[in-house]
>>> print(open('upload-v2.txt').read())   # compact mmCIF, C-alpha atoms and all ligand atoms
# COMPACT_ATOMS: atom_id res chain seq x y z
CA MET A 1 -15.70 18.79 12.95
CA ALA A 2 -18.53 19.84 10.59
CA GLY A 3 -22.07 20.13 11.89
CA PRO A 4 -25.14 18.06 10.90
CA ALA A 5 -25.91 20.33 7.93
CA GLN A 6 -22.79 18.87 6.25
CA VAL A 7 -21.28 22.29 5.58
CA PRO A 8 -17.95 21.61 3.90
CA THR A 9 -15.41 22.86 6.41
CA LEU A 10 -12.70 20.25 6.63
CA VAL A 11 -9.17 20.42 5.32
CA TYR A 12 -7.48 17.10 4.56
CA LEU A 13 -3.88 16.48 3.63
CA VAL A 14 -2.84 13.34 1.74
CA THR A 15 0.92 12.72 1.61
CA GLY A 16 2.00 10.56 -1.32
CA GLY A 17 -1.26 11.61 -2.98
CA CYS A 18 0.14 11.10 -6.49
CA GLY A 19 1.16 7.47 -5.96
CA PHE A 20 -0.73 4.31 -6.90
CA LEU A 21 -2.78 4.19 -3.68
CA GLY A 22 -2.61 7.94 -3.05
CA GLU A 23 -4.41 8.78 -6.30
CA HIS A 24 -7.27 6.43 -5.39
CA ILE A 25 -7.50 8.00 -1.91
CA VAL A 26 -7.58 11.50 -3.40
CA ARG A 27 -10.32 10.61 -5.90
CA MET A 28 -12.31 8.69 -3.27
CA LEU A 29 -12.20 11.66 -0.87
CA LEU A 30 -13.48 13.97 -3.58
CA GLU A 31 -16.31 11.57 -4.38
CA ARG A 32 -17.29 10.48 -0.90
CA GLU A 33 -16.35 13.05 1.73
CA PRO A 34 -19.07 15.71 1.62
CA ARG A 35 -17.58 17.68 4.51
CA LEU A 36 -14.38 18.42 2.60
CA ARG A 37 -13.55 22.07 1.90
CA GLU A 38 -9.91 21.75 0.88
CA LEU A 39 -7.86 18.75 -0.18
CA ARG A 40 -4.10 19.15 -0.05
CA VAL A 41 -2.15 16.69 -2.16
CA PHE A 42 1.49 16.51 -1.07
CA ASP A 43 4.02 14.55 -3.08
CA LEU A 44 7.63 14.59 -4.17
CA HIS A 45 6.45 14.32 -7.78
CA LEU A 46 3.17 15.96 -8.73
CA SER A 47 1.18 14.15 -11.45
CA SER A 48 -0.47 15.84 -14.42
CA TRP A 49 -3.93 14.39 -13.58
CA LEU A 50 -4.00 16.74 -10.58
CA GLU A 51 -4.52 19.65 -12.97
CA GLU A 52 -7.99 18.43 -13.95
CA LEU A 53 -8.96 18.26 -10.23
CA LYS A 54 -7.78 21.80 -9.58
CA THR A 55 -10.52 23.34 -11.76
CA PRO A 56 -13.10 25.27 -9.69
CA GLY A 57 -15.45 22.92 -7.85
CA PRO A 58 -16.95 22.44 -4.41
CA VAL A 59 -13.58 21.34 -3.02
CA GLN A 60 -10.39 23.33 -3.37
CA VAL A 61 -7.62 20.94 -4.45
CA THR A 62 -4.17 22.24 -3.53
CA ALA A 63 -1.13 20.53 -5.02
CA ILE A 64 1.98 20.77 -2.88
CA GLN A 65 5.29 19.58 -4.23
CA GLY A 66 7.32 18.58 -1.19
CA ASP A 67 9.49 16.03 0.52
CA VAL A 68 8.44 14.27 3.74
CA THR A 69 12.07 14.12 4.81
CA GLN A 70 12.10 17.94 5.01
CA ALA A 71 10.45 18.82 8.34
CA HIS A 72 9.73 22.44 7.40
CA GLU A 73 7.99 21.46 4.15
CA VAL A 74 5.83 18.97 6.00
CA ALA A 75 4.94 21.45 8.76
CA ALA A 76 3.92 24.08 6.20
CA ALA A 77 1.63 21.59 4.43
CA VAL A 78 0.10 20.25 7.66
CA ALA A 79 -0.62 23.67 9.22
CA GLY A 80 -4.36 24.30 9.27
CA SER A 81 -5.42 20.80 8.24
CA HIS A 82 -7.88 18.74 10.31
CA VAL A 83 -6.83 15.30 9.15
CA VAL A 84 -3.59 13.96 7.71
CA ILE A 85 -3.56 10.74 5.70
CA HIS A 86 0.11 9.78 5.53
CA THR A 87 0.53 7.44 2.57
CA ALA A 88 3.85 8.66 1.16
CA GLY A 89 6.51 6.02 1.30
CA LEU A 90 9.42 4.49 -0.50
CA VAL A 91 8.07 1.10 -1.60
CA ASP A 92 11.01 -0.94 -2.71
CA VAL A 93 11.75 -4.64 -2.37
CA LEU A 94 13.83 -4.92 -5.54
CA GLY A 95 16.88 -2.93 -4.49
CA LYS A 96 16.17 0.24 -6.45
CA ALA A 97 16.74 2.45 -3.38
CA SER A 98 19.37 2.18 -0.67
CA PRO A 99 18.37 0.98 2.83
CA LYS A 100 19.33 4.44 4.08
CA ALA A 101 16.96 6.17 1.66
CA ILE A 102 14.13 3.78 2.58
CA HIS A 103 14.67 4.48 6.27
CA LYS A 104 14.87 8.22 5.72
CA VAL A 105 11.60 8.48 3.78
CA ASN A 106 9.58 5.88 5.67
CA VAL A 107 10.78 6.44 9.24
CA GLN A 108 12.16 9.99 9.38
CA GLY A 109 9.39 11.15 7.03
CA THR A 110 6.75 9.68 9.34
CA GLN A 111 8.40 11.25 12.39
CA ASN A 112 8.26 14.60 10.58
CA VAL A 113 4.55 14.15 9.90
CA ILE A 114 3.88 13.34 13.58
CA GLU A 115 5.88 16.34 14.81
CA ALA A 116 4.14 18.60 12.29
CA CYS A 117 0.74 17.52 13.65
CA ILE A 118 1.90 18.24 17.22
CA GLN A 119 3.37 21.63 16.33
CA THR A 120 0.48 22.86 14.23
CA GLY A 121 -2.40 21.44 16.30
CA THR A 122 -3.65 18.85 13.79
CA GLN A 123 -5.45 16.20 15.77
CA PHE A 124 -6.12 13.26 13.44
CA LEU A 125 -3.48 11.16 11.71
CA VAL A 126 -4.12 8.07 9.59
CA TYR A 127 -1.01 6.11 8.60
CA THR A 128 -0.77 3.70 5.66
CA SER A 129 1.22 0.87 7.14
CA SER A 130 1.51 -2.58 5.53
CA MET A 131 0.84 -6.28 6.15
CA GLU A 132 4.64 -6.50 5.95
CA VAL A 133 4.87 -5.02 9.43
CA VAL A 134 3.65 -8.42 10.59
CA GLY A 135 5.01 -10.79 7.98
CA PRO A 136 5.87 -13.04 6.31
CA ASN A 137 8.80 -13.23 8.73
CA VAL A 138 12.36 -14.25 7.95
CA LYS A 139 11.62 -17.80 9.08
CA GLY A 140 8.90 -18.22 6.47
CA HIS A 141 6.22 -19.06 9.05
CA PRO A 142 2.76 -19.16 7.47
CA PHE A 143 0.12 -16.73 8.68
CA TYR A 144 -3.12 -18.44 7.74
CA ARG A 145 -6.35 -16.43 7.91
CA GLY A 146 -5.01 -14.52 10.91
CA ASN A 147 -6.34 -11.32 12.43
CA GLU A 148 -4.89 -8.29 14.23
CA ASP A 149 -4.57 -10.30 17.46
CA THR A 150 -3.10 -13.50 16.05
CA PRO A 151 0.26 -14.20 17.69
CA TYR A 152 3.07 -14.21 15.11
CA GLU A 153 6.81 -13.81 15.37
CA ALA A 154 7.27 -10.58 13.39
CA VAL A 155 11.00 -10.61 12.63
CA HIS A 156 12.35 -8.83 9.55
CA ARG A 157 15.70 -8.07 8.00
CA HIS A 158 14.73 -6.38 4.75
CA PRO A 159 14.86 -2.54 4.89
CA TYR A 160 11.30 -2.06 3.62
CA PRO A 161 9.37 -4.08 6.26
CA CYS A 162 11.82 -2.90 8.94
CA SER A 163 11.08 0.72 8.04
CA LYS A 164 7.31 0.22 7.91
CA ALA A 165 7.36 -1.51 11.31
CA LEU A 166 9.37 1.31 12.88
CA ALA A 167 7.16 3.97 11.34
CA GLU A 168 3.98 2.24 12.46
CA LYS A 169 5.34 2.04 16.00
CA LEU A 170 6.06 5.78 15.97
CA VAL A 171 2.53 6.53 14.80
CA LEU A 172 0.87 4.33 17.41
CA GLU A 173 3.07 5.63 20.23
CA ALA A 174 2.16 9.19 19.27
CA ASN A 175 -1.51 8.50 19.96
CA GLY A 176 -2.57 10.62 22.94
CA ARG A 177 0.30 13.13 22.75
CA LYS A 178 -0.91 16.69 23.18
CA VAL A 179 -1.00 18.77 20.02
CA ASN A 180 -0.61 22.56 20.00
CA GLY A 181 -3.74 23.83 21.77
CA GLY A 182 -3.78 20.97 24.26
CA LEU A 183 -6.00 18.40 22.55
CA PRO A 184 -4.81 14.80 22.19
CA LEU A 185 -3.44 13.48 18.90
CA VAL A 186 -5.52 10.54 17.62
CA THR A 187 -3.67 8.14 15.34
CA CYS A 188 -4.24 4.79 13.74
CA ALA A 189 -2.55 2.57 11.20
CA LEU A 190 -3.98 0.64 8.26
CA ARG A 191 -2.17 -2.45 7.08
CA PRO A 192 -3.09 -3.26 3.48
CA MET A 193 -2.43 -6.72 2.10
CA GLY A 194 -0.73 -6.75 -1.32
CA ILE A 195 -2.70 -4.08 -3.20
CA TYR A 196 -3.87 -4.59 -6.80
CA GLY A 197 -5.94 -2.58 -9.23
CA GLU A 198 -5.67 0.21 -11.76
CA GLY A 199 -2.15 1.66 -11.75
CA HIS A 200 -0.37 -1.30 -10.15
CA GLN A 201 3.20 -1.23 -11.44
CA ILE A 202 4.11 -4.87 -10.69
CA MET A 203 0.98 -6.10 -12.49
CA ARG A 204 2.15 -4.03 -15.45
CA ASP A 205 5.60 -5.64 -15.21
CA PHE A 206 4.11 -9.17 -15.19
CA TYR A 207 1.89 -8.30 -18.14
CA ASN A 208 4.80 -6.97 -20.18
CA GLN A 209 6.94 -9.95 -19.23
CA GLY A 210 4.15 -12.27 -20.42
CA LEU A 211 3.93 -10.42 -23.73
CA ARG A 212 7.70 -10.75 -24.20
CA PHE A 213 7.41 -14.52 -23.70
CA GLY A 214 4.74 -14.91 -26.39
CA GLY A 215 1.76 -14.60 -24.02
CA ARG A 216 3.16 -17.05 -21.47
CA LEU A 217 4.15 -16.78 -17.84
CA PHE A 218 5.90 -19.66 -16.10
CA ARG A 219 4.73 -20.83 -12.71
CA ALA A 220 7.33 -20.24 -10.00
CA VAL A 221 5.24 -20.61 -6.84
CA PRO A 222 3.14 -23.61 -5.73
CA ALA A 223 -0.60 -23.00 -6.23
CA SER A 224 -1.16 -24.03 -2.59
CA VAL A 225 0.62 -20.97 -1.16
CA GLU A 226 -1.97 -18.28 -0.37
CA HIS A 227 -1.04 -14.61 -0.65
CA GLY A 228 -3.48 -11.99 0.66
CA ARG A 229 -4.54 -9.27 -1.79
CA VAL A 230 -6.89 -6.32 -1.57
CA TYR A 231 -8.38 -4.05 -4.24
CA VAL A 232 -6.99 -0.50 -4.26
CA GLY A 233 -10.47 1.06 -4.27
CA ASN A 234 -11.34 -0.75 -1.05
CA VAL A 235 -8.06 0.29 0.57
CA ALA A 236 -8.83 3.90 -0.38
CA TRP A 237 -12.37 3.55 0.97
CA MET A 238 -11.05 2.25 4.28
CA HIS A 239 -8.79 5.31 4.59
CA VAL A 240 -11.74 7.63 3.92
CA LEU A 241 -13.88 5.89 6.53
CA VAL A 242 -11.15 5.85 9.18
CA ALA A 243 -10.44 9.55 8.62
CA ARG A 244 -14.17 10.27 8.94
CA GLU A 245 -14.78 8.21 12.07
CA LEU A 246 -11.60 8.97 14.00
CA GLU A 247 -13.05 11.95 15.85
CA GLN A 248 -16.31 10.35 16.97
CA ARG A 249 -14.67 7.06 17.92
CA ALA A 250 -11.32 8.32 19.16
CA ALA A 251 -11.38 6.26 22.34
CA LEU A 252 -12.01 3.04 20.42
CA MET A 253 -9.90 3.64 17.32
CA GLY A 254 -6.98 5.73 18.63
CA GLY A 255 -3.72 3.79 18.65
CA GLN A 256 -5.27 0.83 16.79
CA VAL A 257 -4.15 -1.13 13.74
CA TYR A 258 -6.45 -2.54 11.08
CA PHE A 259 -5.67 -4.94 8.27
CA CYS A 260 -7.10 -3.77 4.93
CA TYR A 261 -9.00 -6.67 3.41
CA ASP A 262 -11.95 -7.31 1.14
CA LYS A 263 -13.61 -10.26 -0.60
CA SER A 264 -10.72 -10.93 -2.99
CA PRO A 265 -10.16 -14.71 -3.14
CA TYR A 266 -7.31 -16.46 -1.34
CA LYS A 267 -4.92 -17.64 -4.03
CA SER A 268 -1.24 -17.86 -4.82
CA TYR A 269 0.36 -14.61 -6.02
CA GLU A 270 0.57 -15.90 -9.59
CA ASP A 271 -2.87 -17.51 -9.74
CA PHE A 272 -4.35 -14.30 -8.41
CA ASN A 273 -2.61 -12.23 -11.09
CA MET A 274 -3.98 -14.63 -13.71
CA GLU A 275 -7.52 -13.59 -12.73
CA PHE A 276 -6.71 -10.39 -14.66
CA LEU A 277 -3.94 -11.40 -17.02
CA GLY A 278 -5.80 -14.53 -18.20
CA PRO A 279 -8.71 -12.56 -19.71
CA CYS A 280 -6.08 -10.34 -21.38
CA GLY A 281 -4.68 -13.29 -23.29
CA LEU A 282 -1.83 -14.52 -21.05
CA ARG A 283 -1.40 -18.14 -19.94
CA LEU A 284 0.33 -19.47 -16.83
CA ILE A 285 2.34 -22.52 -17.83
CA GLY A 286 2.54 -25.45 -15.39
CA THR A 287 0.36 -26.76 -12.59
CA HIS A 288 3.51 -27.00 -10.44
CA PRO A 289 6.53 -24.68 -10.37
CA LEU A 290 8.65 -25.39 -13.42
CA LEU A 291 11.85 -25.07 -11.41
CA PRO A 292 12.40 -26.57 -7.94
CA TYR A 293 12.53 -24.11 -5.04
CA TRP A 294 16.23 -24.70 -4.38
CA LEU A 295 17.07 -23.78 -7.98
CA LEU A 296 14.90 -20.65 -7.84
CA MET A 297 16.62 -19.67 -4.59
CA LEU A 298 19.98 -20.19 -6.28
CA LEU A 299 18.93 -17.94 -9.16
CA ALA A 300 17.53 -15.38 -6.73
CA THR A 301 20.80 -15.39 -4.79
CA LEU A 302 22.72 -15.04 -8.04
CA ASN A 303 20.56 -12.04 -8.91
CA ALA A 304 21.35 -10.50 -5.53
CA LEU A 305 25.04 -11.08 -6.09
CA LEU A 306 24.88 -9.56 -9.56
CA GLN A 307 23.02 -6.57 -8.15
CA TRP A 308 25.77 -6.03 -5.62
CA LEU A 309 28.58 -6.49 -8.16
CA LEU A 310 26.98 -4.20 -10.73
CA HIS A 311 25.75 -1.48 -8.39
CA PRO A 312 28.69 0.88 -8.95
CA LEU A 313 27.93 0.80 -12.70
CA VAL A 314 24.26 0.07 -13.24
CA LEU A 315 21.06 -0.65 -11.28
CA TYR A 316 20.17 -4.32 -11.75
CA THR A 317 16.77 -4.88 -10.13
CA PRO A 318 15.10 -8.09 -11.33
CA LEU A 319 11.75 -9.20 -9.84
CA LEU A 320 13.33 -12.39 -8.54
CA ASN A 321 15.48 -11.95 -5.46
CA PRO A 322 15.67 -13.93 -2.22
CA TYR A 323 13.20 -11.60 -0.53
CA THR A 324 10.50 -11.58 -3.25
CA LEU A 325 10.85 -15.35 -3.64
CA ALA A 326 10.34 -15.86 0.09
CA MET A 327 7.38 -13.44 0.09
CA ALA A 328 5.66 -15.20 -2.78
CA ASN A 329 6.38 -18.65 -1.26
CA THR A 330 4.96 -18.01 2.20
CA THR A 331 1.27 -18.18 2.97
CA PHE A 332 0.05 -14.89 4.43
CA THR A 333 -3.69 -14.29 4.54
CA VAL A 334 -6.03 -12.53 6.93
CA SER A 335 -9.57 -13.17 8.03
CA THR A 336 -10.82 -10.38 10.28
CA ASN A 337 -13.78 -8.11 10.86
CA LYS A 338 -12.08 -5.59 13.17
CA ALA A 339 -12.54 -2.70 10.71
CA GLN A 340 -16.22 -3.54 10.40
CA ARG A 341 -16.69 -3.70 14.17
CA HIS A 342 -14.77 -0.51 14.92
CA PHE A 343 -15.89 1.81 12.14
CA GLY A 344 -18.44 0.02 10.00
CA TYR A 345 -16.15 -0.83 7.06
CA LYS A 346 -17.63 -2.95 4.31
CA PRO A 347 -15.84 -3.26 0.98
CA LEU A 348 -17.21 -0.69 -1.45
CA PHE A 349 -16.27 -2.83 -4.45
CA SER A 350 -17.29 -6.48 -4.75
CA TRP A 351 -14.73 -8.98 -6.00
CA GLU A 352 -16.50 -9.06 -9.37
CA GLU A 353 -16.29 -5.29 -9.71
CA SER A 354 -12.69 -5.10 -8.52
CA LYS A 355 -11.79 -7.78 -11.03
CA ALA A 356 -13.67 -6.13 -13.91
CA ARG A 357 -12.06 -2.74 -13.22
CA THR A 358 -8.58 -4.24 -13.05
CA ILE A 359 -9.06 -6.26 -16.25
CA HIS A 360 -10.36 -3.17 -18.02
CA TRP A 361 -7.22 -1.31 -16.96
CA VAL A 362 -4.85 -4.10 -18.09
CA GLN A 363 -6.64 -4.27 -21.44
CA ALA A 364 -6.09 -0.55 -21.88
CA LEU A 365 -2.35 -1.07 -21.37
CA GLU A 366 -2.17 -2.93 -24.67
CA GLY A 367 -0.51 -0.74 -27.20
CA SER A 368 0.31 1.87 -24.58
CA ALA A 369 3.88 3.06 -24.08
CA TRP A 370 4.41 0.67 -21.12
N1 LIG B 401 1.61 -1.38 -3.04
C1 LIG B 401 1.29 -2.23 -2.08
O1 LIG B 401 0.98 -3.41 -2.33
C2 LIG B 401 1.26 -1.77 -0.67
C3 LIG B 401 1.61 -0.48 -0.28
N2 LIG B 401 1.55 -0.12 1.04
C4 LIG B 401 1.89 1.25 1.47
O2 LIG B 401 1.03 2.15 0.80
C5 LIG B 401 1.69 3.39 0.58
C6 LIG B 401 1.56 3.78 -0.87
O3 LIG B 401 2.17 2.78 -1.65
P1 LIG B 401 2.02 2.74 -3.24
O4 LIG B 401 0.93 3.63 -3.65
O5 LIG B 401 2.00 1.33 -3.63
O6 LIG B 401 3.43 3.34 -3.66
P2 LIG B 401 3.78 4.48 -4.71
O7 LIG B 401 5.25 4.45 -4.86
O8 LIG B 401 2.95 4.35 -5.91
O9 LIG B 401 3.33 5.80 -3.94
C7 LIG B 401 4.12 6.41 -2.96
C8 LIG B 401 4.07 7.90 -3.19
O10 LIG B 401 4.88 8.52 -2.19
C9 LIG B 401 5.63 9.53 -2.81
N3 LIG B 401 6.87 9.77 -2.09
C10 LIG B 401 7.94 8.96 -2.03
N4 LIG B 401 8.92 9.55 -1.33
C11 LIG B 401 8.44 10.76 -0.94
C12 LIG B 401 8.98 11.84 -0.22
N5 LIG B 401 10.23 11.80 0.25
N6 LIG B 401 8.21 12.91 0.01
C13 LIG B 401 6.95 12.98 -0.49
N7 LIG B 401 6.39 12.00 -1.20
C14 LIG B 401 7.13 10.90 -1.43
C15 LIG B 401 5.93 9.01 -4.21
O11 LIG B 401 6.27 10.05 -5.08
C16 LIG B 401 4.63 8.31 -4.55
O12 LIG B 401 3.77 9.17 -5.22
C17 LIG B 401 3.12 3.21 1.05
O13 LIG B 401 3.27 3.80 2.31
C18 LIG B 401 3.29 1.71 1.14
O14 LIG B 401 4.22 1.36 2.12
C19 LIG B 401 1.12 -0.97 1.99
C20 LIG B 401 0.77 -2.24 1.67
C21 LIG B 401 0.80 -2.75 0.32
C1 LIG B 402 9.27 -14.11 -9.49
C2 LIG B 402 8.82 -14.39 -8.10
C3 LIG B 402 8.84 -15.79 -7.71
C4 LIG B 402 7.47 -13.77 -7.83
C5 LIG B 402 7.66 -12.33 -7.48
C6 LIG B 402 6.45 -11.73 -6.84
C7 LIG B 402 6.86 -10.57 -5.97
C8 LIG B 402 7.43 -9.47 -6.83
C9 LIG B 402 5.68 -10.11 -5.11
C10 LIG B 402 5.18 -11.26 -4.22
C11 LIG B 402 4.60 -10.62 -2.98
C12 LIG B 402 4.65 -9.13 -3.24
C13 LIG B 402 4.64 -8.17 -2.05
C14 LIG B 402 3.43 -8.39 -1.18
O1 LIG B 402 2.24 -8.32 -1.92
C15 LIG B 402 3.36 -7.44 -0.02
C16 LIG B 402 3.80 -6.07 -0.26
C17 LIG B 402 3.41 -5.13 0.63
C18 LIG B 402 3.86 -3.81 0.57
O2 LIG B 402 3.67 -3.05 1.51
C19 LIG B 402 4.61 -3.34 -0.61
C20 LIG B 402 4.59 -4.29 -1.77
C21 LIG B 402 4.78 -5.74 -1.33
C22 LIG B 402 6.16 -5.83 -0.69
C23 LIG B 402 4.66 -6.70 -2.54
C24 LIG B 402 5.84 -6.48 -3.52
C25 LIG B 402 5.90 -7.54 -4.63
C26 LIG B 402 5.91 -8.97 -4.09
C27 LIG B 402 7.18 -9.23 -3.32
>>> encode(input="upload-v2.txt", output="structure tokens")
Amino acid sequence: MAGPAQVPTLVYLVTGGCGFLGEHIVRMLLEREPRLRELRVFDLHLSSWLEELKTPGPVQVTAIQGDVTQAHEVAAAVAGSHVVIHTAGLVDVLGKASPKAIHKVNVQGTQNVIEACIQTGTQFLVYTSSMEVVGPNVKGHPFYRGNEDTPYEAVHRHPYPCSKALAEKLVLEANGRKVNGGLPLVTCALRPMGIYGEGHQIMRDFYNQGLRFGGRLFRAVPASVEHGRVYVGNVAWMHVLVARELEQRAALMGGQVYFCYDKSPYKSYEDFNMEFLGPCGLRLIGTHPLLPYWLLMLLATLNALLQWLLHPLVLYTPLLNPYTLAMANTTFTVSTNKAQRHFGYKPLFSWEESKARTIHWVQALEGSAW
């Protein structure tokens, strides 16, 4: 790649670059990758903020409207790039998209990205996987402060984790395949915990729900259940570092998986959200869940039934369904330093800073159209 004089020569492609995480990766690359010459942002829907980045500057920002399920569109975008960060995905656990659509975007889309790298001679591929590739599993087994080597029965039925697991497997198996020109493809996968931060749609939903209930949210999950979370800026930073180090440390990092973690505290999903929503005037009612688990599961099942009955007429996609209830009720936290050992990752944002930035963003939502 670029020489010691840091001449900007590299071309990066970020798929899904207009999404919640993708935007943070794009901005982080522009701020912290001095060797960048061109940044290609590929997404099904291009965002208006991209316009401000396209103004003349040291890095050429190229917006590409495209679909990862279309192999020719992907190949055209990948051609001539040095590194691909594949973040595009259909993130849906509420039933907004069909299982077929989720599979097509997440699995077929990833296969298209891999084949495009092989065809066009692009050697470095970073895949945004998910903690969900591991768990929580269908049996609700806790994963307590585990790491990348902790044994765990990773069994899923929901289309989203199934698709992420399949896609991750494809990416890791592609490591070492010869790309056009004869060099080996170097791949790795990052598995973020539940991401939070500026732009997080579900945080927005909880905030609006709280406002509708007069500033109150009602506890549904025991405070003792720990759910791993990571700040979006740190996830973006980890992508930037991996992309940067993959060439020099190909033998060590190629074909590896890394959890994305930081110093965010271990808490229940709801207590964690209250770290931001509390300072914005919301209260979480109850020290214990207000409804027993069996009743919540009944309501969740009822929601699933209603979704199925109504689907020919209208999309009914409440936050509570059997899958989200199980996710929120199962401890899943990591404690690992693999990313630090392999490529020197340290969180860029402290917990205090991550929290302050997220609170600032939630406060700015007040009075906005959301
Ligand atoms: N949000 C979270 O807590 C976590 C997300 N992830 C992964 O991170 C990645 C990004 O997720 P988010 O930013 O949260 O989601 P998002 O929905 O905000 O971003 C995904 C982006 O991919 C784009 N996209 C979807 N289908 C596409 C297609 N067919 N062709 C091209 N672009 C397409 C969307 O337009 C969107 O901009 C996903 O791969 C997801 O699986 C992993 C762990 C946790
Ligand atoms: C009303 C319920 C009892 C509480 C609902 C909370 C849920 C909506 C969320 C609880 C756990 C979340 C998921 C988790 O953080 C891991 C994820 C990883 C991803 O790759 C995508 C997002 C998600 C599935 C995330 C989605 C919302 C929850 C299920």
>>> closest_atom_pairs(input="upload-v2.txt", of="chain A", to="ligand LIG 401 (chain B)", cutoff="6 Å", atoms="all atoms listed in the file", output="JSON lines")
{"residue": "A:Gly16", "atom": "CA", "partner": "B:LIG401", "partner_atom": "O10", "distance": 3.6}
{"residue": "A:Cys18", "atom": "CA", "partner": "B:LIG401", "partner_atom": "O12", "distance": 4.3}
{"residue": "A:Gly19", "atom": "CA", "partner": "B:LIG401", "partner_atom": "O12", "distance": 3.2}
{"residue": "A:Phe20", "atom": "CA", "partner": "B:LIG401", "partner_atom": "O4", "distance": 3.7}
{"residue": "A:Leu21", "atom": "CA", "partner": "B:LIG401", "partner_atom": "O4", "distance": 3.8}
{"residue": "A:Gly22", "atom": "CA", "partner": "B:LIG401", "partner_atom": "O4", "distance": 5.6}
{"residue": "A:Asp43", "atom": "CA", "partner": "B:LIG401", "partner_atom": "N7", "distance": 4.0}
{"residue": "A:Leu44", "atom": "CA", "partner": "B:LIG401", "partner_atom": "C13", "distance": 4.1}
{"residue": "A:His45", "atom": "CA", "partner": "B:LIG401", "partner_atom": "O11", "distance": 5.1}
{"residue": "A:Gly66", "atom": "CA", "partner": "B:LIG401", "partner_atom": "C13", "distance": 5.7}
{"residue": "A:Asp67", "atom": "CA", "partner": "B:LIG401", "partner_atom": "N6", "distance": 3.4}
{"residue": "A:Val68", "atom": "CA", "partner": "B:LIG401", "partner_atom": "N6", "distance": 4.0}
{"residue": "A:Thr69", "atom": "CA", "partner": "B:LIG401", "partner_atom": "N5", "distance": 5.4}
{"residue": "A:Thr87", "atom": "CA", "partner": "B:LIG401", "partner_atom": "O13", "distance": 4.6}
{"residue": "A:Ala88", "atom": "CA", "partner": "B:LIG401", "partner_atom": "O10", "distance": 3.5}
{"residue": "A:Gly89", "atom": "CA", "partner": "B:LIG401", "partner_atom": "O13", "distance": 4.1}
{"residue": "A:Leu90", "atom": "CA", "partner": "B:LIG401", "partner_atom": "C10", "distance": 5.0}
{"residue": "A:Val91", "atom": "CA", "partner": "B:LIG401", "partner_atom": "O14", "distance": 5.4}
{"residue": "A:Val105", "atom": "CA", "partner": "B:LIG401", "partner_atom": "N5", "distance": 5.0}
{"residue": "A:Thr128", "atom": "CA", "partner": "B:LIG401", "partner_atom": "O13", "distance": 5.2}
{"residue": "A:Ser129", "atom": "CA", "partner": "B:LIG401", "partner_atom": "C19", "distance": 5.5}
{"residue": "A:Ser130", "atom": "CA", "partner": "B:LIG401", "partner_atom": "C19", "distance": 3.9}
{"residue": "A:Pro192", "atom": "CA", "partner": "B:LIG401", "partner_atom": "C20", "distance": 4.4}
{"residue": "A:Met193", "atom": "CA", "partner": "B:LIG401", "partner_atom": "C21", "distance": 5.4}
{"residue": "A:Gly194", "atom": "CA", "partner": "B:LIG401", "partner_atom": "O1", "distance": 3.9}
{"residue": "A:Ile195", "atom": "CA", "partner": "B:LIG401", "partner_atom": "O1", "distance": 3.8}
>>> atom_distance(input="upload-v2.txt", atom1="atom CA of A:Asn321", atom2="atom C11 of ligand LIG 402 (chain B)")
11.2 Å
>>> closest_atom_pairs(input="upload-v2.txt", of="chain A", to="ligand LIG 402 (chain B)", cutoff="8 Å", atoms="all atoms listed in the file", output="Markdown table")
| residue | atom | partner | partner_atom | distance |
| --- | --- | --- | --- | --- |
| A:Val91 | CA | B:LIG402 | C19 | 5.7 |
| A:Asp92 | CA | B:LIG402 | C19 | 7.2 |
| A:Val93 | CA | B:LIG402 | C22 | 6.0 |
| A:Leu94 | CA | B:LIG402 | C8 | 8.0 |
| A:Ser129 | CA | B:LIG402 | O2 | 7.3 |
| A:Ser130 | CA | B:LIG402 | O2 | 4.6 |
| A:Met131 | CA | B:LIG402 | C17 | 6.2 |
| A:Glu132 | CA | B:LIG402 | C17 | 5.6 |
| A:Tyr160 | CA | B:LIG402 | C22 | 7.7 |
| A:Pro161 | CA | B:LIG402 | O2 | 7.5 |
| A:Pro192 | CA | B:LIG402 | O2 | 7.0 |
| A:Met193 | CA | B:LIG402 | C15 | 6.2 |
| A:Gly194 | CA | B:LIG402 | O1 | 3.4 |
| A:Ile195 | CA | B:LIG402 | O1 | 6.6 |
| A:Ile202 | CA | B:LIG402 | C25 | 6.9 |
| A:Ala220 | CA | B:LIG402 | C3 | 5.2 |
| A:Val221 | CA | B:LIG402 | C3 | 6.1 |
| A:His227 | CA | B:LIG402 | O1 | 7.2 |
| A:Gly228 | CA | B:LIG402 | O1 | 7.3 |
| A:Arg229 | CA | B:LIG402 | O1 | 6.8 |
| A:Tyr269 | CA | B:LIG402 | C10 | 6.1 |
| A:Glu270 | CA | B:LIG402 | C4 | 7.4 |
| A:Leu296 | CA | B:LIG402 | C3 | 7.8 |
| A:Leu319 | CA | B:LIG402 | C8 | 5.3 |
| A:Leu320 | CA | B:LIG402 | C1 | 4.5 |
| A:Asn321 | CA | B:LIG402 | C2 | 7.6 |
| A:Tyr323 | CA | B:LIG402 | C27 | 7.0 |
| A:Thr324 | CA | B:LIG402 | C27 | 4.1 |
| A:Leu325 | CA | B:LIG402 | C3 | 4.6 |
| A:Ala326 | CA | B:LIG402 | C3 | 7.9 |
| A:Met327 | CA | B:LIG402 | C11 | 5.0 |
| A:Ala328 | CA | B:LIG402 | C10 | 4.2 |
| A:Asn329 | CA | B:LIG402 | C3 | 7.5 |
>>> closest_atom_pairs(input="upload-v2.txt", of="stretch 56-105 of chain A", to="stretch 119-124 of chain A", cutoff="9 Å", atoms="all atoms listed in the file", output="tab-separated table")
residue	atom	partner	partner_atom	distance
A:Ala75	CA	A:Thr120	CA	7.2
A:Ala76	CA	A:Thr120	CA	8.8
A:Val78	CA	A:Thr120	CA	7.1
A:Ala79	CA	A:Thr120	CA	5.2
A:Gly80	CA	A:Thr120	CA	7.1
A:Ser81	CA	A:Thr122	CA	6.1
A:His82	CA	A:Thr122	CA	5.5
A:Val83	CA	A:Phe124	CA	4.8
A:Val84	CA	A:Phe124	CA	6.3
A:Ile85	CA	A:Phe124	CA	8.5
